[in-house]
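Peer 1: The following block contains the structure, expressed as structure tokens.
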Amino acid sequence: MTETPPSARASRTHWNSRIGFILAAAGSAIGLGAIWKFPYVASKNGGGAFLLVFIGFTFTLGIVLMMAEMAVGRASNSSPVGAYRRLGGKHWRTVGYMGVLAGFLILSFYSVVGGWTLAYVVKAASGSVIHDNPKLLDQIFSAFITAPIEPILYHALFMALTATVVLFGVQKGIENLSKFLMPALFIIMLVLIARSLTLPGALNGLTYFLTPDFSKITGGVIISALGLSFFTLSLGMGAMITYGSYVGEETSIPGAAAWVVGLTTLTCVLAGFMVLPAVFAFGFDPAAGPGLTFITMPAIFSKMVGGQWFAVAFFFLLLVAALTSSVSLMEVVTSFLIDEFGVARIPATVVMAVLMFALGIPASLSLGIWSDYTFFGKGIFDLLDYSTEKILMPIGGVMVSVLVGWKVWHQIHDELHHRGMPLRGIGAIRFACRYVAPILVTCVLFYNL
Ligand code: TRP
């Protein structure tokens with residue numbers, strides 16, 4: 001993405017830029033987080049209890065921080081490191097660096113999982129993963145991700161695809177594609193939900209997903225819900241700052257933030273409706289962990305007319321959703337090299353892609369032959385996931401809310417006031433940024449440590 005000068009922005013038509021912005025931000029948010037991560041984390045953490053806390057977070061803290069990041073981006077007209085420096089002063093730069101680090105760490109394991117979706121497109125096309133035998137599906141998936149070579153090749157391919165999009169600015173193409181492919185993903189999910197819900201025994205899964213058992217709301221559930229809401233909304237590392245810096249004056253930030261959060265949360269819930277009923281219908285283990293979507297979906301396909309084609313389409317659309325997210329991560333990481341060190345775009349992208357690919361290798365191996373190497377009791381894959389989602393991103397969230405609530409409120413006020421957001425609403429956002437968000441997130445962080 002190249003910096004759009006203000007004059008060029010103003011000349012874009014109102015409708016196009018608003019929709020374009022919402023689509024791009026939703027494209028960053030909707031990805032593996034919603035469709036791969038949400039179902040297994042919700043399933044592992046008590047189903048309904050988790051859903052309740054998660055929705056509670058996305059629609060309060062999530063919306064507020066989304067607005068805060070977007071407003072910081074537009075007010076500073078710059079990517080995260082520059083944005084923090086420009087608005088907060090020299091020391092705030094560090095927060096921007098932290099975001100870049102988070103993006104680097106996230107993409108290195110995100111690309112491993114992106115590789116899995118790529119592999120499943122191929123495997124679905126060859127028909128080799130479509131069975132209704134839970135044990136067999138579990139074995140196929142485990143054998144694949146624990147292998148030393150194959151998943152790494154797919155990881156390389158996924159990283160290369162991401163870099164290609166970032167490099168050649170195929171963004172326009174991807175943007176246009178995702179205009180059709182994202183709705184297509186929604187439609188296919190609705191079809192799969194219909195199939196999943198009509199399986200014998202599906203109702204147990206539905207009940208598990210929708211009935212909150214309040215005794216299951218533990219500290220662990222709360223931190224998982226908070227972390228996942230940051231991850232799935234692409235918050236806490238500056239991705240939405242970058243996107244906000246490209247947004248035109250005429251776009252209402254509160255409106256756009258509400259749309260992005262609404263669409264992303266909806267996707268999470270749909271993914272739950274798709275996966276969980278089938279988990280119970282086929283007798284999978286609800287606590288199966290990261291493989292849940294990959295082992296459950298093929299079982300659904302095996303019970304559908306033309307299931308193989310649905311399988312290919314589903315994993316392909318999931319791949320596209322993952323790509324529109326990974327591009328936003330790589331964009332933050334490479335634009336840092338470009339903006340801060342004056343590196344040209346091509347070497348910056350190649351160097352970062354190669355480094356992140358390299359870090360992804362031990363992450364992938366840690367699920368298989370290196371599973372014995374642990375740090376703080378976790379393998380490398382889990383460590384990358386944990387340290388970003390449950391530490392770096394919440395800290396980033398606290399920082400952006402402190403910056404907005406205490407340091408540069410008048411500027412942010414102007415950003416939000418555009419297009420007549422009522423003053424009372426703005427007051428509530430200020431209160432949330434000053435007190436609620438920093439205190440709440442800090443409490444959860446410390447509880448976790
Ligand atoms: N939100 C994306 C997903 O759910 C992943 C992602 C993209 C992300 N950009 C991010 C996560 C920035 C954290 C920060 O798949």
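Labels used: A, B, ... for chains in the order of the structure tokens, numbers from 1 for residues in each chain, and numbers from 1 for ligands as shown.
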Could you give me, as an mmCIF file with C-alpha atoms, in the first residue's frame, the residues within 12 Å of region 362-369 of chain A, counting only C-alpha atoms and dropping anything in the same chain fewer than 2 positions from it?
Peer 2:
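And here is the file that came out, part_21.cif:
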```
data_model
loop_
_atom_site.group_PDB
_atom_site.id
_atom_site.type_symbol
_atom_site.label_atom_id
_atom_site.label_comp_id
_atom_site.auth_asym_id
_atom_site.auth_seq_id
_atom_site.Cartn_x
_atom_site.Cartn_y
_atom_site.Cartn_z
ATOM 1 C CA LEU A 105 5.934 -12.925 15.549
ATOM 2 C CA ILE A 106 2.277 -13.363 14.592
ATOM 3 C CA LEU A 107 2.914 -13.728 10.891
ATOM 4 C CA SER A 108 5.623 -16.327 11.417
ATOM 5 C CA PHE A 109 3.148 -18.805 12.939
ATOM 6 C CA TYR A 110 0.089 -17.454 11.085
ATOM 7 C CA SER A 111 1.792 -18.419 7.855
ATOM 8 C CA VAL A 112 2.277 -21.979 9.108
ATOM 9 C CA VAL A 113 -1.484 -22.272 9.613
ATOM 10 C CA GLY A 114 -2.086 -20.469 6.306
ATOM 11 C CA GLY A 115 0.010 -23.252 4.800
ATOM 12 C CA TRP A 116 -2.323 -25.837 6.332
ATOM 13 C CA PHE A 141 -4.365 -34.064 10.299
ATOM 14 C CA SER A 142 -1.852 -34.976 12.996
ATOM 15 C CA ALA A 143 0.317 -36.883 10.568
ATOM 16 C CA PHE A 144 0.340 -33.838 8.288
ATOM 17 C CA ILE A 145 1.171 -31.105 10.794
ATOM 18 C CA THR A 146 3.750 -33.156 12.681
ATOM 19 C CA ALA A 147 5.654 -34.113 9.541
ATOM 20 C CA PRO A 148 9.024 -32.382 9.149
ATOM 21 C CA ILE A 149 8.905 -31.303 5.495
ATOM 22 C CA GLU A 150 5.452 -31.022 3.945
ATOM 23 C CA PRO A 151 3.911 -28.364 6.216
ATOM 24 C CA ILE A 152 7.047 -26.245 5.876
ATOM 25 C CA LEU A 153 6.811 -26.302 2.101
ATOM 26 C CA TYR A 154 3.227 -25.069 2.307
ATOM 27 C CA HIS A 155 4.289 -22.469 4.878
ATOM 28 C CA ALA A 156 6.896 -21.239 2.378
ATOM 29 C CA PRO A 290 -5.889 -26.266 16.950
ATOM 30 C CA GLY A 291 -6.953 -29.122 14.684
ATOM 31 C CA MET A 356 9.479 -14.658 9.212
ATOM 32 C CA PHE A 357 9.610 -17.822 7.147
ATOM 33 C CA ALA A 358 12.727 -18.847 9.061
ATOM 34 C CA LEU A 359 11.046 -18.326 12.428
ATOM 35 C CA GLY A 360 8.032 -20.281 11.187
ATOM 36 C CA SER A 371 7.823 -31.087 20.488
ATOM 37 C CA ASP A 372 10.215 -31.889 23.310
ATOM 38 C CA TYR A 373 11.884 -28.499 23.180
ATOM 39 C CA THR A 374 9.887 -26.205 25.396
ATOM 40 C CA PHE A 375 10.378 -22.751 26.871
ATOM 41 C CA LYS A 378 5.456 -24.259 25.786
ATOM 42 C CA GLY A 379 6.637 -25.303 22.364
ATOM 43 C CA ILE A 380 7.688 -22.545 19.954
ATOM 44 C CA PHE A 381 4.393 -22.439 18.079
ATOM 45 C CA ASP A 382 2.423 -22.041 21.306
ATOM 46 C CA LEU A 383 4.929 -19.578 22.677
ATOM 47 C CA LEU A 384 4.599 -17.301 19.638
ATOM 48 C CA ASP A 385 0.830 -17.516 19.834
#
```
Peer 1: Pick out the residues no farther than 8 Å from ligand 1, counting only C-alpha atoms and all ligand atoms, and list them as number ranges by chain.
Peer 2: A: 28-35, 37, 102-103, 106, 110, 230-240, 321-322, 324-329, 389, 393
Peer 1: Can you build me a table of region 138-212 of chain A residues sitting at most 8 Å from region 315-318 of chain A, with the closest atom pair per residue and its distance in Å to one decimal, using only C-alpha atoms, sorted by chain and residue number, as CSV?
Peer 2:
```
residue,atom,partner,partner_atom,distance
A:Leu181,CA,A:Leu317,CA,6.6
A:Met182,CA,A:Leu317,CA,7.5
A:Ala184,CA,A:Leu317,CA,7.6
A:Leu185,CA,A:Leu317,CA,5.8
```
Peer 1: Pull N, CA and C atoms from the residues just selected and write them as an mmCIF file, in the first residue's frame.
Peer 2:
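Result file follows (selection14.cif):
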```
data_model
loop_
_atom_site.group_PDB
_atom_site.id
_atom_site.type_symbol
_atom_site.label_atom_id
_atom_site.label_comp_id
_atom_site.auth_asym_id
_atom_site.auth_seq_id
_atom_site.Cartn_x
_atom_site.Cartn_y
_atom_site.Cartn_z
ATOM 1 N N LEU A 181 -15.252 -12.684 -2.967
ATOM 2 C CA LEU A 181 -14.934 -13.922 -2.266
ATOM 3 C C LEU A 181 -15.372 -13.909 -0.803
ATOM 4 N N MET A 182 -15.329 -12.731 -0.179
ATOM 5 C CA MET A 182 -15.794 -12.676 1.217
ATOM 6 C C MET A 182 -17.280 -13.008 1.317
ATOM 7 N N ALA A 184 -18.855 -14.753 -0.763
ATOM 8 C CA ALA A 184 -18.944 -16.174 -1.106
ATOM 9 C C ALA A 184 -18.634 -17.034 0.115
ATOM 10 N N LEU A 185 -17.659 -16.592 0.907
ATOM 11 C CA LEU A 185 -17.327 -17.328 2.127
ATOM 12 C C LEU A 185 -18.533 -17.375 3.072
#
```
Peer 1: Neighbours of Phe280 (chain A) within 9 Å (only C-alpha atoms; same-chain residues fewer than 2 positions away dropped), as a list in words?
Peer 2: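 Non-adjacent residues within range: Gly201, Ala202, Leu203, Asn204, Gly205, Leu206, Leu276, Pro277, Ala278, Phe282, Gly283, Phe284, Asp285 and Pro286 of chain A.
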Peer 1: Let me see the file: selected residues, C-alpha atoms, as a JSON list (two decimals), in the first residue's frame.
Peer 2:
```
[["chain", "number", "residue", "atom", "x", "y", "z"],
["A", 201, "GLY", "CA", -26.91, -35.25, 17.49],
["A", 202, "ALA", "CA", -26.09, -31.71, 16.34],
["A", 203, "LEU", "CA", -28.38, -30.19, 18.93],
["A", 204, "ASN", "CA", -26.01, -31.08, 21.75],
["A", 205, "GLY", "CA", -23.35, -28.98, 20.10],
["A", 206, "LEU", "CA", -25.73, -26.10, 19.62],
["A", 276, "LEU", "CA", -19.52, -27.17, 17.08],
["A", 277, "PRO", "CA", -22.73, -29.01, 16.16],
["A", 278, "ALA", "CA", -20.65, -31.30, 13.95],
["A", 282, "PHE", "CA", -19.51, -37.02, 15.04],
["A", 283, "GLY", "CA", -18.19, -37.48, 18.55],
["A", 284, "PHE", "CA", -14.98, -35.46, 18.18],
["A", 285, "ASP", "CA", -13.29, -34.22, 21.32],
["A", 286, "PRO", "CA", -14.44, -30.61, 21.92]]
```
Peer 1: Have a look at CA of Val260 (chain A) and CA of Phe21 (chain A) and let me know their distance in Å, one decimal.
Peer 2: 9.7 Å
Peer 1: Determine the nearest neighbour of Ala225 (chain A) from the options A:Ala281, A:Ala49, A:Ala24, A:Ala124, counting only C-alpha atoms.
Peer 2: A:Ala49
Peer 1: Which residue is closest to Phe431 (chain A)? Choose from A:Leu118, A:Leu87, A:Val64, A:Val408 and count only C-alpha atoms.
Peer 2: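 Ranking A:Leu118, A:Leu87, A:Val64, A:Val408 by distance to Phe431 (chain A), first place goes to A:Val64.
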Peer 1: Between A:Thr94, A:Gln139, A:Ser224, A:Ser43, which one has atoms that come closest to Met399 (chain A), using only C-alpha atoms?
Peer 2: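 Between A:Thr94, A:Gln139, A:Ser224, A:Ser43, the residue approaching Met399 (chain A) most closely is A:Thr94.
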Peer 1: Can you list every residue in region 136-321 of chain A that DSSP puts in alpha helix (DSSP H), as a ChimeraX atom specification?
Peer 2: /A:136-146,150-168,171-197,202-210,219-232,239-244,253-282,292-302,307-321
Peer 1: Of the residues A:Leu137, A:Val95, A:Ala437, A:Leu190, which is the one nearest to Ser302 (chain A), using only C-alpha atoms?
Peer 2: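 Ranking A:Leu137, A:Val95, A:Ala437, A:Leu190 by distance to Ser302 (chain A), first place goes to A:Leu137.
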Peer 1: To one decimal place in Å, what is the distance between CA of Trp370 (chain A) and CA of Met159 (chain A)?
Peer 2: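 Taking CA of Trp370 (chain A) and CA of Met159 (chain A), their separation equals 21.7 Å.
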